[in-house]
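Peer 1: Structure file my_file.cif (mmCIF, C-alpha atoms and all ligand atoms; chains and numbers go by the auth columns) right here:
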data_work
#
loop_
_atom_site.group_PDB
_atom_site.id
_atom_site.type_symbol
_atom_site.label_atom_id
_atom_site.label_comp_id
_atom_site.label_asym_id
_atom_site.label_seq_id
_atom_site.Cartn_x
_atom_site.Cartn_y
_atom_site.Cartn_z
_atom_site.B_iso_or_equiv
_atom_site.auth_seq_id
_atom_site.auth_asym_id
ATOM 1 C CA MET A 1 -116.014 -55.149 4.567 0.00 1 A
ATOM 2 C CA LYS A 2 -116.036 -58.805 3.434 0.00 2 A
ATOM 3 C CA THR A 3 -112.698 -60.421 2.525 0.00 3 A
ATOM 4 C CA GLY A 4 -113.821 -60.703 -1.104 0.00 4 A
ATOM 5 C CA ASP A 5 -114.706 -56.987 -1.208 0.00 5 A
ATOM 6 C CA SER A 6 -111.418 -56.006 0.320 0.00 6 A
ATOM 7 C CA GLN A 7 -109.502 -58.203 -2.151 0.00 7 A
ATOM 8 C CA SER A 8 -111.352 -56.763 -5.116 0.00 8 A
ATOM 9 C CA SER A 9 -110.804 -53.222 -3.849 0.00 9 A
ATOM 10 C CA GLN A 10 -107.088 -53.995 -3.474 0.00 10 A
ATOM 11 C CA LEU A 11 -107.070 -55.327 -7.021 0.00 11 A
ATOM 12 C CA ASP A 12 -108.848 -52.176 -8.256 0.00 12 A
ATOM 13 C CA GLU A 13 -106.235 -50.063 -6.479 0.00 13 A
ATOM 14 C CA LEU A 14 -103.409 -52.081 -7.992 0.00 14 A
ATOM 15 C CA GLU A 15 -104.918 -51.898 -11.465 0.00 15 A
ATOM 16 C CA SER A 16 -105.474 -48.172 -11.287 0.00 16 A
ATOM 17 C CA ALA A 17 -101.939 -47.729 -9.932 0.00 17 A
ATOM 18 C CA GLN A 18 -100.656 -49.672 -12.930 0.00 18 A
ATOM 19 C CA LYS A 19 -102.691 -47.500 -15.303 0.00 19 A
ATOM 20 C CA ASP A 20 -101.597 -44.234 -13.661 0.00 20 A
ATOM 21 C CA PRO A 21 -98.094 -44.679 -12.344 0.00 21 A
ATOM 22 C CA GLN A 22 -97.214 -42.785 -9.214 0.00 22 A
ATOM 23 C CA LEU A 23 -94.754 -40.140 -10.407 0.00 23 A
ATOM 24 C CA ILE A 24 -92.217 -38.386 -8.171 0.00 24 A
ATOM 25 C CA PRO A 25 -91.196 -34.777 -8.963 0.00 25 A
ATOM 26 C CA ASP A 26 -87.575 -34.989 -10.270 0.00 26 A
ATOM 27 C CA GLY A 27 -87.714 -38.768 -9.830 0.00 27 A
ATOM 28 C CA LEU A 28 -85.861 -40.931 -7.343 0.00 28 A
ATOM 29 C CA PHE A 29 -82.377 -42.206 -8.134 0.00 29 A
ATOM 30 C CA ILE A 30 -81.188 -45.390 -6.413 0.00 30 A
ATOM 31 C CA VAL A 31 -77.920 -47.160 -7.166 0.00 31 A
ATOM 32 C CA PHE A 32 -76.632 -50.553 -6.059 0.00 32 A
ATOM 33 C CA GLU A 33 -72.921 -50.761 -5.352 0.00 33 A
ATOM 34 C CA GLY A 34 -70.425 -53.246 -3.956 0.00 34 A
ATOM 35 C CA ILE A 35 -67.855 -55.775 -5.094 0.00 35 A
ATOM 36 C CA ASP A 36 -68.717 -58.556 -7.536 0.00 36 A
ATOM 37 C CA GLY A 37 -70.823 -61.450 -6.232 0.00 37 A
ATOM 38 C CA THR A 38 -72.776 -59.489 -3.576 0.00 38 A
ATOM 39 C CA GLY A 39 -76.179 -60.178 -5.166 0.00 39 A
ATOM 40 C CA LYS A 40 -76.732 -56.658 -6.540 0.00 40 A
ATOM 41 C CA SER A 41 -78.601 -57.776 -9.652 0.00 41 A
ATOM 42 C CA THR A 42 -80.947 -60.079 -7.699 0.00 42 A
ATOM 43 C CA GLN A 43 -81.746 -57.313 -5.231 0.00 43 A
ATOM 44 C CA LEU A 44 -82.218 -54.746 -7.988 0.00 44 A
ATOM 45 C CA HIS A 45 -84.824 -56.913 -9.713 0.00 45 A
ATOM 46 C CA LEU A 46 -86.664 -57.675 -6.446 0.00 46 A
ATOM 47 C CA LEU A 47 -86.779 -53.978 -5.597 0.00 47 A
ATOM 48 C CA ALA A 48 -87.891 -52.956 -9.108 0.00 48 A
ATOM 49 C CA GLU A 49 -90.714 -55.491 -9.012 0.00 49 A
ATOM 50 C CA ARG A 50 -91.903 -54.401 -5.559 0.00 50 A
ATOM 51 C CA LEU A 51 -91.906 -50.722 -6.505 0.00 51 A
ATOM 52 C CA ARG A 52 -93.801 -51.480 -9.726 0.00 52 A
ATOM 53 C CA GLN A 53 -96.423 -53.349 -7.712 0.00 53 A
ATOM 54 C CA LEU A 54 -96.761 -50.266 -5.532 0.00 54 A
ATOM 55 C CA GLY A 55 -97.520 -48.281 -8.671 0.00 55 A
ATOM 56 C CA TYR A 56 -94.220 -46.474 -9.282 0.00 56 A
ATOM 57 C CA ALA A 57 -92.830 -46.076 -12.778 0.00 57 A
ATOM 58 C CA VAL A 58 -89.489 -47.870 -12.539 0.00 58 A
ATOM 59 C CA VAL A 59 -86.529 -47.840 -14.902 0.00 59 A
ATOM 60 C CA ALA A 60 -84.019 -50.581 -14.071 0.00 60 A
ATOM 61 C CA THR A 61 -80.661 -50.168 -15.746 0.00 61 A
ATOM 62 C CA ARG A 62 -76.969 -50.921 -15.289 0.00 62 A
ATOM 63 C CA GLU A 63 -73.392 -49.942 -15.967 0.00 63 A
ATOM 64 C CA PRO A 64 -71.369 -50.771 -17.925 0.00 64 A
ATOM 65 C CA THR A 65 -74.223 -50.355 -20.426 0.00 65 A
ATOM 66 C CA ASN A 66 -74.776 -52.340 -23.599 0.00 66 A
ATOM 67 C CA GLY A 67 -73.867 -49.254 -25.645 0.00 67 A
ATOM 68 C CA PRO A 68 -70.672 -48.852 -27.699 0.00 68 A
ATOM 69 C CA TYR A 69 -68.471 -47.839 -24.735 0.00 69 A
ATOM 70 C CA GLY A 70 -69.967 -50.550 -22.527 0.00 70 A
ATOM 71 C CA GLN A 71 -69.110 -53.127 -25.161 0.00 71 A
ATOM 72 C CA LYS A 72 -65.511 -51.902 -25.289 0.00 72 A
ATOM 73 C CA ILE A 73 -65.375 -52.155 -21.501 0.00 73 A
ATOM 74 C CA ARG A 74 -66.598 -55.754 -21.599 0.00 74 A
ATOM 75 C CA GLU A 75 -63.708 -56.595 -23.952 0.00 75 A
ATOM 76 C CA LEU A 76 -61.382 -55.426 -21.141 0.00 76 A
ATOM 77 C CA PHE A 77 -62.745 -58.122 -18.831 0.00 77 A
ATOM 78 C CA VAL A 78 -60.782 -60.580 -20.963 0.00 78 A
ATOM 79 C CA ASP A 79 -57.659 -58.457 -21.386 0.00 79 A
ATOM 80 C CA ARG A 80 -57.466 -55.537 -18.979 0.00 80 A
ATOM 81 C CA GLY A 81 -53.935 -54.743 -20.129 0.00 81 A
ATOM 82 C CA ALA A 82 -55.249 -53.719 -23.580 0.00 82 A
ATOM 83 C CA VAL A 83 -55.629 -50.072 -22.450 0.00 83 A
ATOM 84 C CA SER A 84 -53.891 -47.773 -19.962 0.00 84 A
ATOM 85 C CA GLN A 85 -55.446 -46.948 -16.551 0.00 85 A
ATOM 86 C CA GLU A 86 -56.358 -43.491 -17.881 0.00 86 A
ATOM 87 C CA GLU A 87 -58.019 -44.906 -21.002 0.00 87 A
ATOM 88 C CA GLU A 88 -59.935 -47.419 -18.880 0.00 88 A
ATOM 89 C CA LEU A 89 -61.263 -44.590 -16.685 0.00 89 A
ATOM 90 C CA GLU A 90 -62.237 -42.527 -19.751 0.00 90 A
ATOM 91 C CA LEU A 91 -64.223 -45.462 -21.170 0.00 91 A
ATOM 92 C CA PHE A 92 -66.314 -45.726 -17.975 0.00 92 A
ATOM 93 C CA ILE A 93 -66.896 -41.939 -17.984 0.00 93 A
ATOM 94 C CA ALA A 94 -67.903 -41.915 -21.678 0.00 94 A
ATOM 95 C CA ASP A 95 -70.271 -44.838 -21.074 0.00 95 A
ATOM 96 C CA ARG A 96 -71.837 -43.010 -18.099 0.00 96 A
ATOM 97 C CA ASP A 97 -72.139 -39.738 -20.006 0.00 97 A
ATOM 98 C CA GLN A 98 -74.164 -41.442 -22.716 0.00 98 A
ATOM 99 C CA HIS A 99 -76.193 -43.429 -20.142 0.00 99 A
ATOM 100 C CA VAL A 100 -77.075 -40.280 -18.156 0.00 100 A
ATOM 101 C CA LYS A 101 -78.023 -38.301 -21.265 0.00 101 A
ATOM 102 C CA GLU A 102 -80.056 -41.017 -22.954 0.00 102 A
ATOM 103 C CA ILE A 103 -81.643 -42.950 -20.073 0.00 103 A
ATOM 104 C CA ILE A 104 -81.087 -41.699 -16.510 0.00 104 A
ATOM 105 C CA ALA A 105 -81.749 -37.940 -16.773 0.00 105 A
ATOM 106 C CA PRO A 106 -84.849 -38.234 -19.026 0.00 106 A
ATOM 107 C CA ALA A 107 -86.359 -40.930 -16.752 0.00 107 A
ATOM 108 C CA LEU A 108 -85.741 -38.834 -13.612 0.00 108 A
ATOM 109 C CA SER A 109 -87.320 -35.778 -15.174 0.00 109 A
ATOM 110 C CA ASP A 110 -90.328 -37.913 -16.159 0.00 110 A
ATOM 111 C CA GLY A 111 -90.788 -38.747 -12.442 0.00 111 A
ATOM 112 C CA CYS A 112 -89.581 -42.356 -12.538 0.00 112 A
ATOM 113 C CA VAL A 113 -87.680 -44.328 -9.941 0.00 113 A
ATOM 114 C CA VAL A 114 -84.369 -45.104 -11.649 0.00 114 A
ATOM 115 C CA ILE A 115 -82.482 -48.064 -10.202 0.00 115 A
ATOM 116 C CA CYS A 116 -78.986 -48.560 -11.539 0.00 116 A
ATOM 117 C CA ASP A 117 -76.709 -51.560 -11.000 0.00 117 A
ATOM 118 C CA ARG A 118 -73.366 -49.736 -10.424 0.00 118 A
ATOM 119 C CA TYR A 119 -72.630 -46.038 -10.915 0.00 119 A
ATOM 120 C CA TYR A 120 -69.786 -43.658 -10.108 0.00 120 A
ATOM 121 C CA LEU A 121 -68.905 -45.095 -6.672 0.00 121 A
ATOM 122 C CA SER A 122 -67.878 -48.233 -8.603 0.00 122 A
ATOM 123 C CA THR A 123 -65.532 -46.075 -10.659 0.00 123 A
ATOM 124 C CA VAL A 124 -64.016 -44.605 -7.485 0.00 124 A
ATOM 125 C CA ALA A 125 -63.556 -48.109 -6.028 0.00 125 A
ATOM 126 C CA TYR A 126 -62.436 -50.107 -9.098 0.00 126 A
ATOM 127 C CA GLN A 127 -60.416 -47.507 -11.004 0.00 127 A
ATOM 128 C CA GLY A 128 -59.136 -46.253 -7.627 0.00 128 A
ATOM 129 C CA ALA A 129 -57.942 -49.793 -6.835 0.00 129 A
ATOM 130 C CA ASN A 130 -56.331 -49.800 -10.280 0.00 130 A
ATOM 131 C CA GLY A 131 -54.158 -46.834 -9.293 0.00 131 A
ATOM 132 C CA MET A 132 -56.156 -43.764 -10.358 0.00 132 A
ATOM 133 C CA ASP A 133 -56.538 -40.875 -7.915 0.00 133 A
ATOM 134 C CA GLN A 134 -59.936 -41.065 -6.160 0.00 134 A
ATOM 135 C CA ASP A 135 -60.412 -37.272 -6.022 0.00 135 A
ATOM 136 C CA LEU A 136 -59.705 -37.040 -9.745 0.00 136 A
ATOM 137 C CA ILE A 137 -62.292 -39.769 -10.376 0.00 137 A
ATOM 138 C CA LEU A 138 -64.908 -37.910 -8.305 0.00 138 A
ATOM 139 C CA LYS A 139 -64.096 -34.695 -10.184 0.00 139 A
ATOM 140 C CA LYS A 140 -64.657 -36.384 -13.526 0.00 140 A
ATOM 141 C CA ASN A 141 -68.071 -37.517 -12.268 0.00 141 A
ATOM 142 C CA GLU A 142 -69.202 -34.267 -10.674 0.00 142 A
ATOM 143 C CA ASP A 143 -71.587 -33.230 -13.464 0.00 143 A
ATOM 144 C CA PHE A 144 -73.603 -36.445 -13.294 0.00 144 A
ATOM 145 C CA PRO A 145 -76.763 -36.667 -11.135 0.00 145 A
ATOM 146 C CA VAL A 146 -76.035 -37.521 -7.492 0.00 146 A
ATOM 147 C CA PRO A 147 -78.024 -40.559 -6.301 0.00 147 A
ATOM 148 C CA ASP A 148 -80.716 -40.124 -3.637 0.00 148 A
ATOM 149 C CA LEU A 149 -79.585 -43.454 -2.232 0.00 149 A
ATOM 150 C CA ALA A 150 -76.546 -45.663 -2.832 0.00 150 A
ATOM 151 C CA ILE A 151 -76.955 -49.122 -1.341 0.00 151 A
ATOM 152 C CA ILE A 152 -73.573 -50.741 -0.804 0.00 152 A
ATOM 153 C CA LEU A 153 -73.977 -54.483 -0.404 0.00 153 A
ATOM 154 C CA GLU A 154 -71.072 -55.750 1.671 0.00 154 A
ATOM 155 C CA ILE A 155 -69.575 -59.220 1.535 0.00 155 A
ATOM 156 C CA GLU A 156 -66.154 -60.816 2.094 0.00 156 A
ATOM 157 C CA PRO A 157 -64.274 -60.864 -1.260 0.00 157 A
ATOM 158 C CA ALA A 158 -63.633 -64.637 -0.946 0.00 158 A
ATOM 159 C CA HIS A 159 -67.389 -65.189 -0.491 0.00 159 A
ATOM 160 C CA GLY A 160 -68.143 -63.009 -3.551 0.00 160 A
ATOM 161 C CA ILE A 161 -65.715 -65.033 -5.671 0.00 161 A
ATOM 162 C CA HIS A 162 -67.210 -68.269 -4.358 0.00 162 A
ATOM 163 C CA ARG A 163 -70.660 -67.068 -5.465 0.00 163 A
ATOM 164 C CA ILE A 164 -69.387 -66.089 -8.921 0.00 164 A
ATOM 165 C CA ARG A 165 -67.869 -69.565 -9.414 0.00 165 A
ATOM 166 C CA ASN A 166 -70.607 -71.677 -7.838 0.00 166 A
ATOM 167 C CA GLN A 167 -73.852 -69.848 -8.490 0.00 167 A
ATOM 168 C CA ARG A 168 -73.134 -68.135 -11.777 0.00 168 A
ATOM 169 C CA HIS A 169 -70.875 -70.964 -12.985 0.00 169 A
ATOM 170 C CA GLU A 170 -68.463 -68.354 -14.296 0.00 170 A
ATOM 171 C CA HIS A 171 -64.763 -67.811 -13.851 0.00 171 A
ATOM 172 C CA PRO A 172 -63.964 -64.521 -12.126 0.00 172 A
ATOM 173 C CA ASN A 173 -62.751 -62.013 -14.761 0.00 173 A
ATOM 174 C CA THR A 174 -59.645 -59.849 -14.349 0.00 174 A
ATOM 175 C CA PHE A 175 -61.623 -57.243 -12.344 0.00 175 A
ATOM 176 C CA GLU A 176 -62.774 -59.956 -9.969 0.00 176 A
ATOM 177 C CA GLU A 177 -59.494 -61.472 -8.765 0.00 177 A
ATOM 178 C CA GLU A 178 -59.408 -61.726 -4.976 0.00 178 A
ATOM 179 C CA ALA A 179 -56.444 -59.386 -4.351 0.00 179 A
ATOM 180 C CA ASN A 180 -58.090 -56.748 -6.542 0.00 180 A
ATOM 181 C CA LEU A 181 -61.477 -57.213 -4.870 0.00 181 A
ATOM 182 C CA GLN A 182 -59.836 -56.795 -1.430 0.00 182 A
ATOM 183 C CA LYS A 183 -58.572 -53.364 -2.521 0.00 183 A
ATOM 184 C CA VAL A 184 -61.931 -52.468 -4.071 0.00 184 A
ATOM 185 C CA ALA A 185 -63.777 -53.541 -0.887 0.00 185 A
ATOM 186 C CA GLY A 186 -61.380 -51.427 1.211 0.00 186 A
ATOM 187 C CA ILE A 187 -62.216 -48.331 -0.855 0.00 187 A
ATOM 188 C CA PHE A 188 -65.979 -48.995 -0.679 0.00 188 A
ATOM 189 C CA SER A 189 -65.777 -49.407 3.101 0.00 189 A
ATOM 190 C CA ALA A 190 -64.006 -46.035 3.532 0.00 190 A
ATOM 191 C CA MET A 191 -66.624 -44.045 1.565 0.00 191 A
ATOM 192 C CA GLN A 192 -68.551 -41.500 3.618 0.00 192 A
ATOM 193 C CA GLN A 193 -71.122 -39.913 1.299 0.00 193 A
ATOM 194 C CA ASP A 194 -74.294 -39.162 3.264 0.00 194 A
ATOM 195 C CA TYR A 195 -76.509 -40.920 0.705 0.00 195 A
ATOM 196 C CA ILE A 196 -74.805 -44.307 1.328 0.00 196 A
ATOM 197 C CA GLU A 197 -76.613 -47.133 3.135 0.00 197 A
ATOM 198 C CA ARG A 198 -74.575 -50.283 3.894 0.00 198 A
ATOM 199 C CA ILE A 199 -76.278 -53.674 3.977 0.00 199 A
ATOM 200 C CA ASN A 200 -74.804 -57.091 4.749 0.00 200 A
ATOM 201 C CA GLY A 201 -75.020 -58.979 1.445 0.00 201 A
ATOM 202 C CA SER A 202 -74.214 -62.380 2.961 0.00 202 A
ATOM 203 C CA ASP A 203 -77.624 -62.577 4.684 0.00 203 A
ATOM 204 C CA SER A 204 -80.521 -64.432 2.948 0.00 204 A
ATOM 205 C CA ILE A 205 -82.010 -62.911 -0.222 0.00 205 A
ATOM 206 C CA GLU A 206 -85.275 -62.212 1.669 0.00 206 A
ATOM 207 C CA ASN A 207 -83.548 -60.478 4.583 0.00 207 A
ATOM 208 C CA VAL A 208 -81.350 -58.379 2.312 0.00 208 A
ATOM 209 C CA HIS A 209 -84.466 -57.355 0.384 0.00 209 A
ATOM 210 C CA ARG A 210 -86.179 -56.336 3.646 0.00 210 A
ATOM 211 C CA PHE A 211 -83.263 -54.055 4.539 0.00 211 A
ATOM 212 C CA VAL A 212 -83.074 -52.683 0.999 0.00 212 A
ATOM 213 C CA PHE A 213 -86.783 -51.907 0.969 0.00 213 A
ATOM 214 C CA GLY A 214 -86.524 -50.287 4.418 0.00 214 A
ATOM 215 C CA ALA A 215 -83.800 -47.945 3.151 0.00 215 A
ATOM 216 C CA VAL A 216 -85.826 -47.099 0.035 0.00 216 A
ATOM 217 C CA ALA A 217 -88.998 -46.455 2.061 0.00 217 A
ATOM 218 C CA LYS A 218 -87.011 -43.971 4.172 0.00 218 A
ATOM 219 C CA VAL A 219 -85.870 -41.914 1.153 0.00 219 A
ATOM 220 C CA LEU A 220 -89.354 -42.082 -0.401 0.00 220 A
ATOM 221 C CA ALA A 221 -90.766 -40.642 2.851 0.00 221 A
ATOM 222 C CA GLN A 222 -88.076 -37.909 2.881 0.00 222 A
ATOM 223 C CA LYS A 223 -88.952 -36.982 -0.714 0.00 223 A
ATOM 224 C CA ALA A 224 -92.654 -36.813 0.172 0.00 224 A
ATOM 225 C CA THR A 225 -91.904 -34.503 3.140 0.00 225 A
ATOM 226 C CA GLN A 226 -89.744 -32.232 0.961 0.00 226 A
ATOM 227 C CA GLN A 227 -92.602 -32.044 -1.540 0.00 227 A
ATOM 228 C CA VAL A 228 -95.105 -31.008 1.125 0.00 228 A
ATOM 229 C CA GLU A 229 -92.706 -28.378 2.508 0.00 229 A
ATOM 230 C CA SER A 230 -91.878 -26.826 -0.862 0.00 230 A
HETATM 231 P P1 LIG B . -70.926 -56.515 -13.557 0.00 301 A
HETATM 232 O O1 LIG B . -71.732 -56.213 -14.782 0.00 301 A
HETATM 233 O O2 LIG B . -70.776 -57.974 -13.262 0.00 301 A
HETATM 234 O O3 LIG B . -71.271 -55.674 -12.383 0.00 301 A
HETATM 235 O O4 LIG B . -69.427 -56.167 -13.975 0.00 301 A
HETATM 236 C C1 LIG B . -69.011 -54.919 -14.218 0.00 301 A
HETATM 237 C C2 LIG B . -67.549 -54.857 -13.891 0.00 301 A
HETATM 238 O O5 LIG B . -67.090 -53.547 -14.248 0.00 301 A
HETATM 239 C C3 LIG B . -67.269 -55.047 -12.414 0.00 301 A
HETATM 240 O O6 LIG B . -66.175 -55.927 -12.225 0.00 301 A
HETATM 241 C C4 LIG B . -66.898 -53.672 -11.937 0.00 301 A
HETATM 242 C C5 LIG B . -66.406 -52.970 -13.165 0.00 301 A
HETATM 243 N N1 LIG B . -66.660 -51.524 -13.155 0.00 301 A
HETATM 244 C C6 LIG B . -65.577 -50.680 -13.015 0.00 301 A
HETATM 245 O O7 LIG B . -64.439 -51.123 -12.917 0.00 301 A
HETATM 246 N N2 LIG B . -65.819 -49.329 -13.005 0.00 301 A
HETATM 247 C C7 LIG B . -67.070 -48.783 -13.134 0.00 301 A
HETATM 248 O O8 LIG B . -67.237 -47.548 -13.124 0.00 301 A
HETATM 249 C C8 LIG B . -68.190 -49.684 -13.287 0.00 301 A
HETATM 250 C C9 LIG B . -69.569 -49.134 -13.470 0.00 301 A
HETATM 251 C C10 LIG B . -67.922 -51.046 -13.297 0.00 301 A
#
Can you give me the file's structure in the form of structure tokens?

Peer 2:
Amino acid sequence: MKTGDSQSSQLDELESAQKDPQLIPDGLFIVFEGIDGTGKSTQLHLLAERLRQLGYAVVATREPTNGPYGQKIRELFVDRGAVSQEEELELFIADRDQHVKEIIAPALSDGCVVICDRYYLSTVAYQGANGMDQDLILKKNEDFPVPDLAIILEIEPAHGIHRIRNQRHEHPNTFEEEANLQKVAGIFSAMQQDYIERINGSDSIENVHRFVFGAVAKVLAQKATQQVES
């Protein structure tokens, strides 16, 4: 086949993939986790774009959401002391409940790849670091869909804070202070769920993306095998 033919056939394939998205029975649920400043959002967008180009229907979303509970949570970034630890936890759970019901569960049952920037492992790590019992946090999250893959991007807390200040030109908020992030990082590093994949977030954006995509390709292949077997 001539190069021109092969290019036009690739374009035809891409176009038809875009017209008829590749749907996955029960969807695929991927979450990005880690402390602040690891590059989660950048990696989420790179992954979403690559999967869309491959023809998947992708829903990219995040927590806290922009809904009413998410907005209350964002007010806490300025004054965390405004609510008790228990109330803070309940706000994250209420935000997630609405997010799952309105966005995540419908998209998964439509066969989409849902990619979420933070989910319940963030609650275990951040509200755990804030003094709440980690088993209690997991219990409060047990009715929500379990991710097929949780990518924890790992980075030294000081490096994360440096990135927040220098790349985002922001001041770390009260969740992002170094002593707090050390505790949060310690909890993330002790997690043992079998759907967790750890990736070094201090590598280049391109290398991190290669590892992320490798992990995603593995779960996509597992899903395809399960489909054939069932
Ligand atoms: P981000 O939008 O920059 O990721 O900020 C969200 C902040 O909210 C981040 O500091 C982590 C925190 N957070 C929790 O404390 N608990 C949670 O369950 C979630 C989803 C986020």

Peer 1: Could I get the residue neighbourhood of ligand LIG 301 (chain A) at 7 Å, counting all atoms listed in the file, as a PyMOL selection string?

Peer 2: chain A and resi 36+63-64+92+117-120+122-123+126-127+175-176

Peer 1: Taking the file as I've supplied it (selection: the PyMOL selection byres (((chain A and resi 203) around 12) and not hetatm)), which residues are included? Please answer as a tab-separated table (two decimals) with C-alpha atoms, in the coordinates of the input.

Peer 2:
chain	number	residue	atom	x	y	z
A	38	THR	CA	-72.78	-59.49	-3.58
A	39	GLY	CA	-76.18	-60.18	-5.17
A	43	GLN	CA	-81.75	-57.31	-5.23
A	153	LEU	CA	-73.98	-54.48	-0.40
A	154	GLU	CA	-71.07	-55.75	1.67
A	155	ILE	CA	-69.58	-59.22	1.54
A	156	GLU	CA	-66.15	-60.82	2.09
A	159	HIS	CA	-67.39	-65.19	-0.49
A	199	ILE	CA	-76.28	-53.67	3.98
A	200	ASN	CA	-74.80	-57.09	4.75
A	201	GLY	CA	-75.02	-58.98	1.44
A	202	SER	CA	-74.21	-62.38	2.96
A	204	SER	CA	-80.52	-64.43	2.95
A	205	ILE	CA	-82.01	-62.91	-0.22
A	206	GLU	CA	-85.28	-62.21	1.67
A	207	ASN	CA	-83.55	-60.48	4.58
A	208	VAL	CA	-81.35	-58.38	2.31
A	209	HIS	CA	-84.47	-57.36	0.38
A	210	ARG	CA	-86.18	-56.34	3.65
A	211	PHE	CA	-83.26	-54.06	4.54
A	212	VAL	CA	-83.07	-52.68	1.00

Peer 1: Using all atoms listed in the file, determine which residues lie at most 9 Å from segment 69-78 of chain A, disregarding the query and same-chain residues fewer than 3 positions distant; provide the list as an mmCIF file with C-alpha atoms, in the frame of the given file.

Peer 2:
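Saved file around_22.cif follows:
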data_model
loop_
_atom_site.group_PDB
_atom_site.id
_atom_site.type_symbol
_atom_site.label_atom_id
_atom_site.label_comp_id
_atom_site.auth_asym_id
_atom_site.auth_seq_id
_atom_site.Cartn_x
_atom_site.Cartn_y
_atom_site.Cartn_z
ATOM 1 C CA GLU A 63 -73.392 -49.942 -15.967
ATOM 2 C CA PRO A 64 -71.369 -50.771 -17.925
ATOM 3 C CA THR A 65 -74.223 -50.355 -20.426
ATOM 4 C CA ASN A 66 -74.776 -52.340 -23.599
ATOM 5 C CA GLY A 81 -53.935 -54.743 -20.129
ATOM 6 C CA ALA A 82 -55.249 -53.719 -23.580
ATOM 7 C CA VAL A 83 -55.629 -50.072 -22.450
ATOM 8 C CA GLU A 88 -59.935 -47.419 -18.880
ATOM 9 C CA LEU A 91 -64.223 -45.462 -21.170
ATOM 10 C CA PHE A 92 -66.314 -45.726 -17.975
ATOM 11 C CA ALA A 94 -67.903 -41.915 -21.678
ATOM 12 C CA ASP A 95 -70.271 -44.838 -21.074
ATOM 13 C CA ARG A 96 -71.837 -43.010 -18.099
ATOM 14 C CA GLN A 98 -74.164 -41.442 -22.716
ATOM 15 C CA ASN A 173 -62.751 -62.013 -14.761
ATOM 16 C CA THR A 174 -59.645 -59.849 -14.349
ATOM 17 C CA PHE A 175 -61.623 -57.243 -12.344
#

Peer 1: Report, in Å to a single decimal, how far apart atom CA of Gln167 of chain A and atom CA of Ala60 of chain A are.

Peer 2: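 Spanning atom CA of Ala60 of chain A to atom CA of Gln167 of chain A is a straight-line distance of 22.5 Å.
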
Peer 1: Find the residues near Val58 of chain A: any atom within 6 Å, counting all atoms listed in the file, skip ones fewer than 3 places away on the same chain, and give them as a ChimeraX atom specification.

Peer 2: /A:112-114

Peer 1: Compile the contact shell of Lys183 of chain A as a ChimeraX atom specification: residues with an atom at most 10 Å away, counting all atoms listed in the file, same-chain residues fewer than 6 positions apart removed.

Peer 2: /A:35,125-126,128-130,157,189

Peer 1: Could you write out that same residue set with C-alpha atoms as a tab-separated table (two decimals), in the frame of the given file?

Peer 2:
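Final output, saved to part.tsv:
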chain	number	residue	atom	x	y	z
A	35	ILE	CA	-67.86	-55.78	-5.09
A	125	ALA	CA	-63.56	-48.11	-6.03
A	126	TYR	CA	-62.44	-50.11	-9.10
A	128	GLY	CA	-59.14	-46.25	-7.63
A	129	ALA	CA	-57.94	-49.79	-6.84
A	130	ASN	CA	-56.33	-49.80	-10.28
A	157	PRO	CA	-64.27	-60.86	-1.26
A	189	SER	CA	-65.78	-49.41	3.10
